[in-house]
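Undergrad: Got a file for you: model.txt, compact mmCIF, N, CA and C atoms.
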# COMPACT_ATOMS: atom_id res chain seq x y z
N MET A 6 -12.96 -9.62 22.64
CA MET A 6 -11.89 -9.35 21.70
C MET A 6 -11.74 -10.55 20.78
N ALA A 7 -11.35 -10.30 19.53
CA ALA A 7 -11.16 -11.36 18.54
C ALA A 7 -10.00 -12.25 18.95
N ASP A 8 -10.02 -13.47 18.42
CA ASP A 8 -8.92 -14.39 18.67
C ASP A 8 -7.63 -13.80 18.10
N LEU A 9 -6.56 -13.94 18.84
CA LEU A 9 -5.26 -13.45 18.39
C LEU A 9 -4.42 -14.60 17.88
N SER A 10 -3.65 -14.33 16.87
CA SER A 10 -2.70 -15.30 16.34
C SER A 10 -1.31 -14.71 16.45
N ARG A 11 -0.37 -15.52 16.82
CA ARG A 11 1.02 -15.07 16.90
C ARG A 11 1.75 -15.51 15.64
N ILE A 12 2.60 -14.59 15.15
CA ILE A 12 3.43 -14.91 13.99
C ILE A 12 4.86 -14.50 14.30
N GLY A 13 5.77 -15.04 13.57
CA GLY A 13 7.17 -14.64 13.70
C GLY A 13 7.57 -13.89 12.44
N VAL A 14 8.36 -12.85 12.61
CA VAL A 14 8.81 -12.05 11.48
C VAL A 14 10.32 -11.89 11.60
N SER A 15 11.02 -12.17 10.53
CA SER A 15 12.47 -11.98 10.50
C SER A 15 12.77 -10.67 9.78
N LEU A 16 13.55 -9.82 10.44
CA LEU A 16 13.91 -8.52 9.87
C LEU A 16 15.40 -8.28 10.00
N ASP A 17 15.93 -7.57 9.04
CA ASP A 17 17.30 -7.10 9.10
C ASP A 17 17.44 -6.22 10.35
N SER A 18 18.54 -6.31 11.05
CA SER A 18 18.73 -5.55 12.30
C SER A 18 18.58 -4.05 12.11
N ASP A 19 19.11 -3.52 11.00
CA ASP A 19 19.00 -2.09 10.73
C ASP A 19 17.54 -1.70 10.51
N LEU A 20 16.79 -2.52 9.78
CA LEU A 20 15.38 -2.24 9.54
C LEU A 20 14.60 -2.28 10.85
N LEU A 21 14.88 -3.24 11.70
CA LEU A 21 14.20 -3.33 12.99
C LEU A 21 14.52 -2.12 13.85
N HIS A 22 15.76 -1.68 13.84
CA HIS A 22 16.15 -0.50 14.61
C HIS A 22 15.38 0.73 14.12
N ARG A 23 15.31 0.89 12.80
CA ARG A 23 14.56 2.03 12.24
C ARG A 23 13.08 1.91 12.56
N PHE A 24 12.54 0.70 12.54
CA PHE A 24 11.14 0.50 12.88
C PHE A 24 10.89 0.85 14.35
N ASP A 25 11.78 0.44 15.23
CA ASP A 25 11.65 0.78 16.66
C ASP A 25 11.68 2.29 16.87
N GLN A 26 12.53 2.98 16.12
CA GLN A 26 12.56 4.45 16.22
C GLN A 26 11.23 5.04 15.75
N PHE A 27 10.71 4.50 14.66
CA PHE A 27 9.43 4.97 14.12
C PHE A 27 8.31 4.78 15.13
N ILE A 28 8.22 3.60 15.73
CA ILE A 28 7.10 3.36 16.66
C ILE A 28 7.25 4.19 17.94
N ALA A 29 8.49 4.47 18.33
CA ALA A 29 8.70 5.33 19.50
C ALA A 29 8.25 6.76 19.19
N GLU A 30 8.61 7.25 17.99
CA GLU A 30 8.21 8.60 17.59
C GLU A 30 6.70 8.74 17.47
N LYS A 31 6.03 7.69 17.03
CA LYS A 31 4.58 7.74 16.84
C LYS A 31 3.82 7.43 18.13
N GLY A 32 4.52 6.95 19.15
CA GLY A 32 3.88 6.72 20.43
C GLY A 32 3.20 5.37 20.59
N TYR A 33 3.55 4.41 19.77
CA TYR A 33 2.99 3.07 19.93
C TYR A 33 3.48 2.45 21.22
N GLU A 34 2.62 1.67 21.85
CA GLU A 34 3.01 1.00 23.09
C GLU A 34 3.89 -0.22 22.82
N ASN A 35 3.72 -0.82 21.63
CA ASN A 35 4.50 -2.02 21.32
C ASN A 35 4.55 -2.23 19.81
N ARG A 36 5.40 -3.15 19.39
CA ARG A 36 5.56 -3.44 17.97
C ARG A 36 4.28 -4.01 17.37
N SER A 37 3.56 -4.82 18.13
CA SER A 37 2.37 -5.46 17.59
C SER A 37 1.35 -4.44 17.12
N GLU A 38 1.12 -3.40 17.91
CA GLU A 38 0.16 -2.36 17.51
C GLU A 38 0.62 -1.66 16.24
N ALA A 39 1.90 -1.39 16.15
CA ALA A 39 2.44 -0.73 14.96
C ALA A 39 2.28 -1.63 13.73
N PHE A 40 2.60 -2.92 13.86
CA PHE A 40 2.42 -3.86 12.75
C PHE A 40 0.96 -3.92 12.33
N ARG A 41 0.05 -3.99 13.29
CA ARG A 41 -1.38 -4.06 12.96
C ARG A 41 -1.83 -2.83 12.17
N ASP A 42 -1.37 -1.64 12.61
CA ASP A 42 -1.76 -0.43 11.89
C ASP A 42 -1.17 -0.39 10.49
N LEU A 43 0.06 -0.83 10.33
CA LEU A 43 0.66 -0.85 8.99
C LEU A 43 -0.08 -1.82 8.07
N ILE A 44 -0.46 -2.96 8.60
CA ILE A 44 -1.21 -3.94 7.81
C ILE A 44 -2.59 -3.38 7.43
N ARG A 45 -3.28 -2.77 8.40
CA ARG A 45 -4.59 -2.17 8.11
C ARG A 45 -4.46 -1.10 7.03
N ASP A 46 -3.43 -0.26 7.15
CA ASP A 46 -3.23 0.81 6.17
C ASP A 46 -3.04 0.24 4.78
N ARG A 47 -2.28 -0.81 4.68
CA ARG A 47 -2.03 -1.44 3.38
C ARG A 47 -3.31 -2.07 2.83
N LEU A 48 -4.11 -2.68 3.70
CA LEU A 48 -5.38 -3.28 3.27
C LEU A 48 -6.35 -2.20 2.79
N VAL A 49 -6.42 -1.08 3.49
CA VAL A 49 -7.28 0.02 3.07
C VAL A 49 -6.80 0.54 1.72
N GLY A 50 -5.49 0.72 1.57
CA GLY A 50 -4.94 1.20 0.31
C GLY A 50 -5.30 0.29 -0.85
N THR A 51 -5.33 -1.00 -0.61
CA THR A 51 -5.71 -1.95 -1.64
C THR A 51 -7.21 -1.91 -1.91
N ALA A 52 -8.01 -1.75 -0.86
CA ALA A 52 -9.46 -1.78 -0.99
C ALA A 52 -10.00 -0.58 -1.76
N VAL A 53 -9.39 0.58 -1.63
CA VAL A 53 -9.96 1.80 -2.21
C VAL A 53 -9.63 2.00 -3.69
N VAL A 54 -8.78 1.16 -4.27
CA VAL A 54 -8.41 1.35 -5.67
C VAL A 54 -9.44 0.80 -6.64
N ALA A 55 -10.25 -0.15 -6.24
CA ALA A 55 -11.27 -0.68 -7.13
C ALA A 55 -12.28 0.43 -7.43
N SER A 56 -12.61 0.62 -8.71
CA SER A 56 -13.42 1.78 -9.11
C SER A 56 -14.80 1.82 -8.46
N LYS A 57 -15.37 0.66 -8.16
CA LYS A 57 -16.70 0.63 -7.56
C LYS A 57 -16.67 0.42 -6.05
N ALA A 58 -15.48 0.40 -5.47
CA ALA A 58 -15.35 0.18 -4.03
C ALA A 58 -15.98 1.33 -3.26
N PRO A 59 -16.74 1.02 -2.21
CA PRO A 59 -17.25 2.10 -1.37
C PRO A 59 -16.11 2.70 -0.55
N VAL A 60 -16.02 4.02 -0.57
CA VAL A 60 -14.95 4.71 0.15
C VAL A 60 -15.51 5.90 0.90
N VAL A 61 -14.75 6.35 1.86
CA VAL A 61 -14.95 7.63 2.52
C VAL A 61 -13.64 8.38 2.39
N GLY A 62 -13.70 9.68 2.43
CA GLY A 62 -12.45 10.41 2.29
C GLY A 62 -12.60 11.89 2.55
N THR A 63 -11.46 12.55 2.49
CA THR A 63 -11.43 14.00 2.60
C THR A 63 -10.59 14.56 1.47
N VAL A 64 -11.03 15.70 0.97
CA VAL A 64 -10.21 16.49 0.05
C VAL A 64 -9.88 17.77 0.80
N THR A 65 -8.61 18.04 0.93
CA THR A 65 -8.16 19.27 1.58
C THR A 65 -7.66 20.21 0.50
N LEU A 66 -8.20 21.42 0.50
CA LEU A 66 -7.84 22.42 -0.50
C LEU A 66 -7.32 23.68 0.19
N VAL A 67 -6.26 24.25 -0.36
CA VAL A 67 -5.76 25.55 0.08
C VAL A 67 -5.81 26.44 -1.16
N TYR A 68 -6.46 27.59 -1.02
CA TYR A 68 -6.60 28.45 -2.19
C TYR A 68 -6.73 29.92 -1.80
N ASP A 69 -6.50 30.78 -2.79
CA ASP A 69 -6.65 32.22 -2.63
C ASP A 69 -8.09 32.56 -2.99
N HIS A 70 -8.85 33.03 -2.02
CA HIS A 70 -10.27 33.27 -2.29
C HIS A 70 -10.49 34.51 -3.16
N HIS A 71 -9.43 35.25 -3.44
CA HIS A 71 -9.56 36.39 -4.35
C HIS A 71 -9.45 35.97 -5.81
N THR A 72 -9.10 34.72 -6.07
CA THR A 72 -9.06 34.23 -7.45
C THR A 72 -10.46 34.33 -8.02
N ARG A 73 -10.57 34.95 -9.17
CA ARG A 73 -11.86 35.26 -9.78
C ARG A 73 -12.78 34.04 -9.83
N LEU A 74 -13.91 34.14 -9.15
CA LEU A 74 -15.00 33.16 -9.14
C LEU A 74 -14.61 31.79 -8.57
N LEU A 75 -13.43 31.67 -7.97
CA LEU A 75 -13.02 30.36 -7.46
C LEU A 75 -13.95 29.81 -6.38
N PRO A 76 -14.30 30.55 -5.35
CA PRO A 76 -15.21 29.98 -4.35
C PRO A 76 -16.53 29.49 -4.96
N GLU A 77 -17.04 30.24 -5.92
CA GLU A 77 -18.28 29.85 -6.59
C GLU A 77 -18.08 28.57 -7.40
N LYS A 78 -16.95 28.46 -8.10
CA LYS A 78 -16.66 27.26 -8.89
C LYS A 78 -16.58 26.03 -7.99
N LEU A 79 -15.88 26.17 -6.86
CA LEU A 79 -15.74 25.04 -5.94
C LEU A 79 -17.10 24.63 -5.38
N ALA A 80 -17.93 25.61 -5.03
CA ALA A 80 -19.27 25.31 -4.51
C ALA A 80 -20.12 24.65 -5.59
N ASP A 81 -20.05 25.13 -6.83
CA ASP A 81 -20.82 24.54 -7.92
C ASP A 81 -20.42 23.09 -8.16
N LEU A 82 -19.11 22.81 -8.13
CA LEU A 82 -18.65 21.43 -8.31
C LEU A 82 -19.20 20.53 -7.22
N GLN A 83 -19.19 21.02 -5.99
CA GLN A 83 -19.70 20.22 -4.88
C GLN A 83 -21.20 19.97 -5.04
N HIS A 84 -21.93 20.94 -5.56
CA HIS A 84 -23.37 20.74 -5.80
C HIS A 84 -23.60 19.73 -6.92
N GLN A 85 -22.73 19.74 -7.93
CA GLN A 85 -22.85 18.77 -9.02
C GLN A 85 -22.65 17.34 -8.51
N TYR A 86 -21.86 17.19 -7.46
CA TYR A 86 -21.58 15.88 -6.87
C TYR A 86 -22.25 15.75 -5.50
N HIS A 87 -23.44 16.30 -5.37
CA HIS A 87 -24.12 16.32 -4.07
C HIS A 87 -24.30 14.93 -3.47
N GLN A 88 -24.38 13.91 -4.30
CA GLN A 88 -24.55 12.55 -3.78
C GLN A 88 -23.27 12.01 -3.15
N VAL A 89 -22.14 12.67 -3.40
CA VAL A 89 -20.85 12.24 -2.88
C VAL A 89 -20.40 13.11 -1.69
N VAL A 90 -20.77 14.37 -1.70
CA VAL A 90 -20.32 15.32 -0.67
C VAL A 90 -21.19 15.18 0.58
N ILE A 91 -20.54 14.92 1.71
CA ILE A 91 -21.23 14.82 2.99
C ILE A 91 -21.28 16.18 3.67
N SER A 92 -20.12 16.85 3.71
CA SER A 92 -20.02 18.11 4.44
C SER A 92 -18.76 18.84 4.00
N THR A 93 -18.73 20.14 4.31
CA THR A 93 -17.56 20.95 3.99
C THR A 93 -17.22 21.81 5.20
N LEU A 94 -15.94 21.91 5.48
CA LEU A 94 -15.44 22.81 6.52
C LEU A 94 -14.61 23.89 5.81
N HIS A 95 -14.90 25.13 6.12
CA HIS A 95 -14.18 26.23 5.49
C HIS A 95 -13.54 27.08 6.58
N ALA A 96 -12.26 27.39 6.41
CA ALA A 96 -11.55 28.20 7.40
C ALA A 96 -10.73 29.27 6.68
N HIS A 97 -10.65 30.43 7.29
CA HIS A 97 -9.85 31.53 6.76
C HIS A 97 -8.49 31.51 7.45
N LEU A 98 -7.44 31.24 6.68
CA LEU A 98 -6.10 31.14 7.23
C LEU A 98 -5.44 32.51 7.39
N ASP A 99 -5.69 33.39 6.45
CA ASP A 99 -5.25 34.77 6.53
C ASP A 99 -6.15 35.59 5.61
N HIS A 100 -5.77 36.83 5.34
CA HIS A 100 -6.63 37.71 4.55
C HIS A 100 -6.94 37.14 3.17
N ASN A 101 -6.00 36.41 2.58
CA ASN A 101 -6.17 35.91 1.21
C ASN A 101 -6.42 34.41 1.11
N THR A 102 -5.99 33.67 2.09
CA THR A 102 -5.92 32.22 1.95
C THR A 102 -7.02 31.51 2.73
N CYS A 103 -7.65 30.55 2.06
CA CYS A 103 -8.68 29.73 2.69
C CYS A 103 -8.25 28.27 2.67
N LEU A 104 -8.73 27.55 3.66
CA LEU A 104 -8.57 26.10 3.75
C LEU A 104 -9.97 25.52 3.71
N GLU A 105 -10.16 24.55 2.85
CA GLU A 105 -11.46 23.89 2.77
C GLU A 105 -11.23 22.39 2.84
N VAL A 106 -12.00 21.72 3.68
CA VAL A 106 -11.95 20.27 3.79
C VAL A 106 -13.33 19.75 3.42
N VAL A 107 -13.37 18.89 2.41
CA VAL A 107 -14.62 18.35 1.91
C VAL A 107 -14.68 16.88 2.28
N LEU A 108 -15.72 16.49 3.02
CA LEU A 108 -15.92 15.09 3.40
C LEU A 108 -16.72 14.40 2.31
N LEU A 109 -16.23 13.24 1.88
CA LEU A 109 -16.83 12.54 0.76
C LEU A 109 -17.16 11.09 1.11
N ARG A 110 -18.19 10.58 0.43
CA ARG A 110 -18.55 9.16 0.57
C ARG A 110 -19.20 8.71 -0.73
N GLY A 111 -18.75 7.57 -1.24
CA GLY A 111 -19.32 7.05 -2.48
C GLY A 111 -18.42 6.01 -3.10
N ARG A 112 -18.63 5.78 -4.39
CA ARG A 112 -17.76 4.85 -5.12
C ARG A 112 -16.40 5.51 -5.34
N SER A 113 -15.39 4.70 -5.31
CA SER A 113 -14.03 5.21 -5.43
C SER A 113 -13.86 6.09 -6.66
N ARG A 114 -14.36 5.64 -7.80
CA ARG A 114 -14.16 6.42 -9.03
C ARG A 114 -14.85 7.77 -8.97
N ASP A 115 -16.04 7.85 -8.35
CA ASP A 115 -16.76 9.12 -8.25
C ASP A 115 -16.05 10.08 -7.29
N VAL A 116 -15.60 9.55 -6.18
CA VAL A 116 -14.88 10.36 -5.20
C VAL A 116 -13.57 10.87 -5.80
N GLN A 117 -12.85 9.99 -6.48
CA GLN A 117 -11.58 10.37 -7.11
C GLN A 117 -11.81 11.42 -8.19
N ARG A 118 -12.86 11.24 -8.98
CA ARG A 118 -13.15 12.20 -10.06
C ARG A 118 -13.43 13.59 -9.49
N LEU A 119 -14.25 13.66 -8.45
CA LEU A 119 -14.54 14.96 -7.84
C LEU A 119 -13.27 15.56 -7.25
N ALA A 120 -12.51 14.76 -6.53
CA ALA A 120 -11.27 15.26 -5.91
C ALA A 120 -10.32 15.81 -6.97
N ASP A 121 -10.14 15.07 -8.05
CA ASP A 121 -9.24 15.53 -9.12
C ASP A 121 -9.73 16.85 -9.71
N THR A 122 -11.04 16.97 -9.89
CA THR A 122 -11.60 18.19 -10.46
C THR A 122 -11.42 19.37 -9.51
N LEU A 123 -11.69 19.16 -8.22
CA LEU A 123 -11.51 20.24 -7.24
C LEU A 123 -10.05 20.68 -7.17
N ILE A 124 -9.16 19.70 -7.06
CA ILE A 124 -7.73 19.99 -6.89
C ILE A 124 -7.14 20.70 -8.12
N SER A 125 -7.63 20.35 -9.31
CA SER A 125 -7.07 20.93 -10.54
C SER A 125 -7.75 22.24 -10.95
N THR A 126 -8.71 22.70 -10.17
CA THR A 126 -9.39 23.95 -10.48
C THR A 126 -8.40 25.11 -10.38
N LYS A 127 -8.41 25.97 -11.38
CA LYS A 127 -7.49 27.10 -11.42
C LYS A 127 -7.65 27.94 -10.17
N GLY A 128 -6.54 28.22 -9.50
CA GLY A 128 -6.54 29.01 -8.28
C GLY A 128 -6.32 28.20 -7.02
N VAL A 129 -6.53 26.87 -7.10
CA VAL A 129 -6.26 26.01 -5.94
C VAL A 129 -4.74 25.86 -5.86
N ARG A 130 -4.17 26.28 -4.74
CA ARG A 130 -2.71 26.23 -4.57
C ARG A 130 -2.21 24.83 -4.24
N HIS A 131 -3.00 24.12 -3.43
CA HIS A 131 -2.61 22.78 -3.04
C HIS A 131 -3.85 21.99 -2.69
N GLY A 132 -3.84 20.73 -3.04
CA GLY A 132 -4.95 19.87 -2.68
C GLY A 132 -4.49 18.45 -2.48
N ARG A 133 -5.20 17.74 -1.64
CA ARG A 133 -4.84 16.35 -1.37
C ARG A 133 -6.09 15.56 -1.03
N LEU A 134 -6.18 14.36 -1.59
CA LEU A 134 -7.26 13.44 -1.30
C LEU A 134 -6.72 12.34 -0.40
N VAL A 135 -7.45 12.05 0.66
CA VAL A 135 -7.13 10.92 1.54
C VAL A 135 -8.36 10.03 1.57
N LEU A 136 -8.17 8.76 1.19
CA LEU A 136 -9.27 7.80 1.12
C LEU A 136 -9.14 6.74 2.19
N SER A 137 -10.28 6.24 2.60
CA SER A 137 -10.32 5.11 3.51
C SER A 137 -11.50 4.23 3.12
N SER A 138 -11.49 3.02 3.61
CA SER A 138 -12.59 2.09 3.36
C SER A 138 -13.45 2.01 4.60
N PRO A 139 -14.75 2.29 4.48
CA PRO A 139 -15.59 2.20 5.67
C PRO A 139 -15.65 0.79 6.23
N HIS A 140 -15.45 -0.20 5.39
CA HIS A 140 -15.52 -1.60 5.84
C HIS A 140 -14.27 -2.00 6.60
N THR A 141 -13.10 -1.61 6.10
CA THR A 141 -11.85 -1.94 6.78
C THR A 141 -11.73 -1.15 8.07
N VAL A 142 -12.18 0.10 8.05
CA VAL A 142 -12.12 0.93 9.25
C VAL A 142 -12.98 0.30 10.34
N SER A 143 -14.17 -0.17 9.98
CA SER A 143 -15.05 -0.75 10.99
C SER A 143 -14.47 -2.03 11.57
N ALA A 144 -13.55 -2.67 10.85
CA ALA A 144 -12.92 -3.87 11.40
C ALA A 144 -12.09 -3.57 12.62
N ARG A 145 -11.73 -2.30 12.83
CA ARG A 145 -10.95 -1.92 14.00
C ARG A 145 -11.82 -1.85 15.25
N LEU A 146 -13.12 -1.68 15.06
CA LEU A 146 -14.00 -1.54 16.21
C LEU A 146 -14.21 -2.87 16.89
N PRO A 147 -14.37 -2.88 18.21
CA PRO A 147 -14.63 -4.13 18.90
C PRO A 147 -15.96 -4.71 18.43
N SER A 148 -16.01 -6.01 18.33
CA SER A 148 -17.26 -6.64 17.89
C SER A 148 -18.28 -6.60 19.02
N PRO A 149 -19.58 -6.41 18.66
CA PRO A 149 -20.61 -6.36 19.71
C PRO A 149 -20.74 -7.70 20.41
N ARG A 150 -21.09 -7.65 21.69
CA ARG A 150 -21.22 -8.89 22.46
C ARG A 150 -22.65 -9.26 22.58
Can you turn what I pasted into structure tokens?

TA:
Amino acid sequence: MADLSRIGVSLDSDLLHRFDQFIAEKGYENRSEAFRDLIRDRLVGTAVVASKAPVVGTVTLVYDHHTRLLPEKLADLQHQYHQVVISTLHAHLDHNTCLEVVLLRGRSRDVQRLADTLISTKGVRHGRLVLSSPHTVSARLPSPR
């Protein structure tokens, strides 16, 4: 395990109480783990904004598959960005509604551009992009011995 450093943090009592409620709801074993995850999340958020930063991510789309040519349009867009698209998961939620999750990897600007195009395609009811940094994520893994 990496060397650990201890720090002291001063917090308003109300903020600490709310933080303790948050970590209890999320199932953290202690405050340290919760602080580490919050810091990692902030670092990832900072890392993925650079246009050339390598990122991984998912685009989640909910749409009506009866919308004229929509499934074909979404597939065509993914083929246009074949160098960014890793995989797609498609699920039928009900008779009309589909959920599609597209796994992406590439430069931040390319991933963001594809996500924006998919999400703004006519007929997509809701879409969301979630980005992460493969480098920051790997920092969570134990170092090899």

Undergrad: Just how far from atom CA of Ser92 of chain A is atom C of Arg112 of chain A, in Å to one decimal?

TA: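 Calculated distance between atom C of Arg112 of chain A and atom CA of Ser92 of chain A is 16.4 Å.
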
Undergrad: Rounded to one decimal, what separation in Å do you get between atom CA of Leu66 of chain A and atom CA of Leu104 of chain A?

TA: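 The value is 5.7 Å.
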
Undergrad: Can you list, as a ChimeraX atom specification, every residue of chain A that DSSP puts in alpha helix (DSSP H)?

TA: /A:18-31,36-52,75-85,113-124,139-143

Undergrad: Please determine the residues with any atom at most 12 Å from (-3.1, 31.6, 4.4) (coordinates as given in the file, with only C-alpha atoms counting) and report them as a PDB file with N, CA and C atoms, keeping the file's coordinate frame.

TA:
ATOM      1  N   LEU A  66      -8.200  21.420   0.500  1.00  0.00           N
ATOM      2  CA  LEU A  66      -7.840  22.420  -0.500  1.00  0.00           C
ATOM      3  C   LEU A  66      -7.320  23.680   0.190  1.00  0.00           C
ATOM      4  N   VAL A  67      -6.260  24.250  -0.360  1.00  0.00           N
ATOM      5  CA  VAL A  67      -5.760  25.550   0.080  1.00  0.00           C
ATOM      6  C   VAL A  67      -5.810  26.440  -1.160  1.00  0.00           C
ATOM      7  N   TYR A  68      -6.460  27.590  -1.020  1.00  0.00           N
ATOM      8  CA  TYR A  68      -6.600  28.450  -2.190  1.00  0.00           C
ATOM      9  C   TYR A  68      -6.730  29.920  -1.800  1.00  0.00           C
ATOM     10  N   ASP A  69      -6.500  30.780  -2.790  1.00  0.00           N
ATOM     11  CA  ASP A  69      -6.650  32.220  -2.630  1.00  0.00           C
ATOM     12  C   ASP A  69      -8.090  32.560  -2.990  1.00  0.00           C
ATOM     13  N   HIS A  70      -8.850  33.030  -2.020  1.00  0.00           N
ATOM     14  CA  HIS A  70     -10.270  33.270  -2.290  1.00  0.00           C
ATOM     15  C   HIS A  70     -10.490  34.510  -3.160  1.00  0.00           C
ATOM     16  N   HIS A  71      -9.430  35.250  -3.440  1.00  0.00           N
ATOM     17  CA  HIS A  71      -9.560  36.390  -4.350  1.00  0.00           C
ATOM     18  C   HIS A  71      -9.450  35.970  -5.810  1.00  0.00           C
ATOM     19  N   ALA A  96     -12.260  27.390   6.410  1.00  0.00           N
ATOM     20  CA  ALA A  96     -11.550  28.200   7.400  1.00  0.00           C
ATOM     21  C   ALA A  96     -10.730  29.270   6.680  1.00  0.00           C
ATOM     22  N   HIS A  97     -10.650  30.430   7.290  1.00  0.00           N
ATOM     23  CA  HIS A  97      -9.850  31.530   6.760  1.00  0.00           C
ATOM     24  C   HIS A  97      -8.490  31.510   7.450  1.00  0.00           C
ATOM     25  N   LEU A  98      -7.440  31.240   6.680  1.00  0.00           N
ATOM     26  CA  LEU A  98      -6.100  31.140   7.230  1.00  0.00           C
ATOM     27  C   LEU A  98      -5.440  32.510   7.390  1.00  0.00           C
ATOM     28  N   ASP A  99      -5.690  33.390   6.450  1.00  0.00           N
ATOM     29  CA  ASP A  99      -5.250  34.770   6.530  1.00  0.00           C
ATOM     30  C   ASP A  99      -6.150  35.590   5.610  1.00  0.00           C
ATOM     31  N   HIS A 100      -5.770  36.830   5.340  1.00  0.00           N
ATOM     32  CA  HIS A 100      -6.630  37.710   4.550  1.00  0.00           C
ATOM     33  C   HIS A 100      -6.940  37.140   3.170  1.00  0.00           C
ATOM     34  N   ASN A 101      -6.000  36.410   2.580  1.00  0.00           N
ATOM     35  CA  ASN A 101      -6.170  35.910   1.210  1.00  0.00           C
ATOM     36  C   ASN A 101      -6.420  34.410   1.110  1.00  0.00           C
ATOM     37  N   THR A 102      -5.990  33.670   2.090  1.00  0.00           N
ATOM     38  CA  THR A 102      -5.920  32.220   1.950  1.00  0.00           C
ATOM     39  C   THR A 102      -7.020  31.510   2.730  1.00  0.00           C
ATOM     40  N   CYS A 103      -7.650  30.550   2.060  1.00  0.00           N
ATOM     41  CA  CYS A 103      -8.680  29.730   2.690  1.00  0.00           C
ATOM     42  C   CYS A 103      -8.250  28.270   2.670  1.00  0.00           C
ATOM     43  N   LEU A 104      -8.730  27.550   3.660  1.00  0.00           N
ATOM     44  CA  LEU A 104      -8.570  26.100   3.750  1.00  0.00           C
ATOM     45  C   LEU A 104      -9.970  25.520   3.710  1.00  0.00           C
ATOM     46  N   GLU A 105     -10.160  24.550   2.850  1.00  0.00           N
ATOM     47  CA  GLU A 105     -11.460  23.890   2.770  1.00  0.00           C
ATOM     48  C   GLU A 105     -11.230  22.390   2.840  1.00  0.00           C
ATOM     49  N   ARG A 130      -4.170  26.280  -4.740  1.00  0.00           N
ATOM     50  CA  ARG A 130      -2.710  26.230  -4.570  1.00  0.00           C
ATOM     51  C   ARG A 130      -2.210  24.830  -4.240  1.00  0.00           C
ATOM     52  N   HIS A 131      -3.000  24.120  -3.430  1.00  0.00           N
ATOM     53  CA  HIS A 131      -2.610  22.780  -3.040  1.00  0.00           C
ATOM     54  C   HIS A 131      -3.850  21.990  -2.690  1.00  0.00           C
TER      55      HIS A 131
END

Undergrad: When DSSP is applied to the backbone of this structure, which of chain A are assigned strand (DSSP E)? Write them out as a PyMOL selection string.

TA: chain A and resi 59-69+90-97+102-112+129-137

Undergrad: For Tyr86 of chain A, which residue out of A:Gly13, A:Arg73, A:Leu119, A:Ala52 is the nearest one, using all atoms listed in the file?

TA: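 Among the listed residues, the smallest separation from Tyr86 of chain A belongs to A:Leu119.
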
Undergrad: In Å to one decimal, how far is atom N of Val129 of chain A from atom C of Thr51 of chain A?

TA: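 Computing the Euclidean distance for atom C of Thr51 of chain A and atom N of Val129 of chain A yields 29.3 Å.
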
Undergrad: Can you work out which one of A:Pro139, A:Ile12, A:Gly128, A:Leu109 has the shortest atom-to-atom distance to Leu75 of chain A, counting all atoms listed in the file?

TA: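 Among the listed residues, A:Gly128 lies closest to Leu75 of chain A.
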
Undergrad: With only C-alpha atoms as the atoms that count, which of A:Ala29, A:Ile44, A:Leu79, A:Leu20 lies nearest to Val64 of chain A?

TA: A:Leu79

Undergrad: Taking (-21.8, 17.3, -7.2) in the file's coordinates as the center, which residues reach within 12 Å of it, counting only C-alpha atoms, put as a ChimeraX atom specification?

TA: /A:78-92,107,109-111,115-116,118-120,122-123

Undergrad: Return as AutoDock Vina command-line options the centre and edge lengths, in Å with one decimal, of the box along x, y and z that encloses every atom of segment 91-110 of chain A in the file, padded by 8 Å per side.

TA:
--center_x -13.3 --center_y 23.2 --center_z 3.4 --size_x 32.0 --size_y 45.0 --size_z 24.2

Undergrad: Tell me, as a ChimeraX atom specification, which residues lie within 12 Å of Tyr33 of chain A, counting only C-alpha atoms; anything in the same chain fewer than 6 positions away does not count.

TA: /A:24-27,39-43
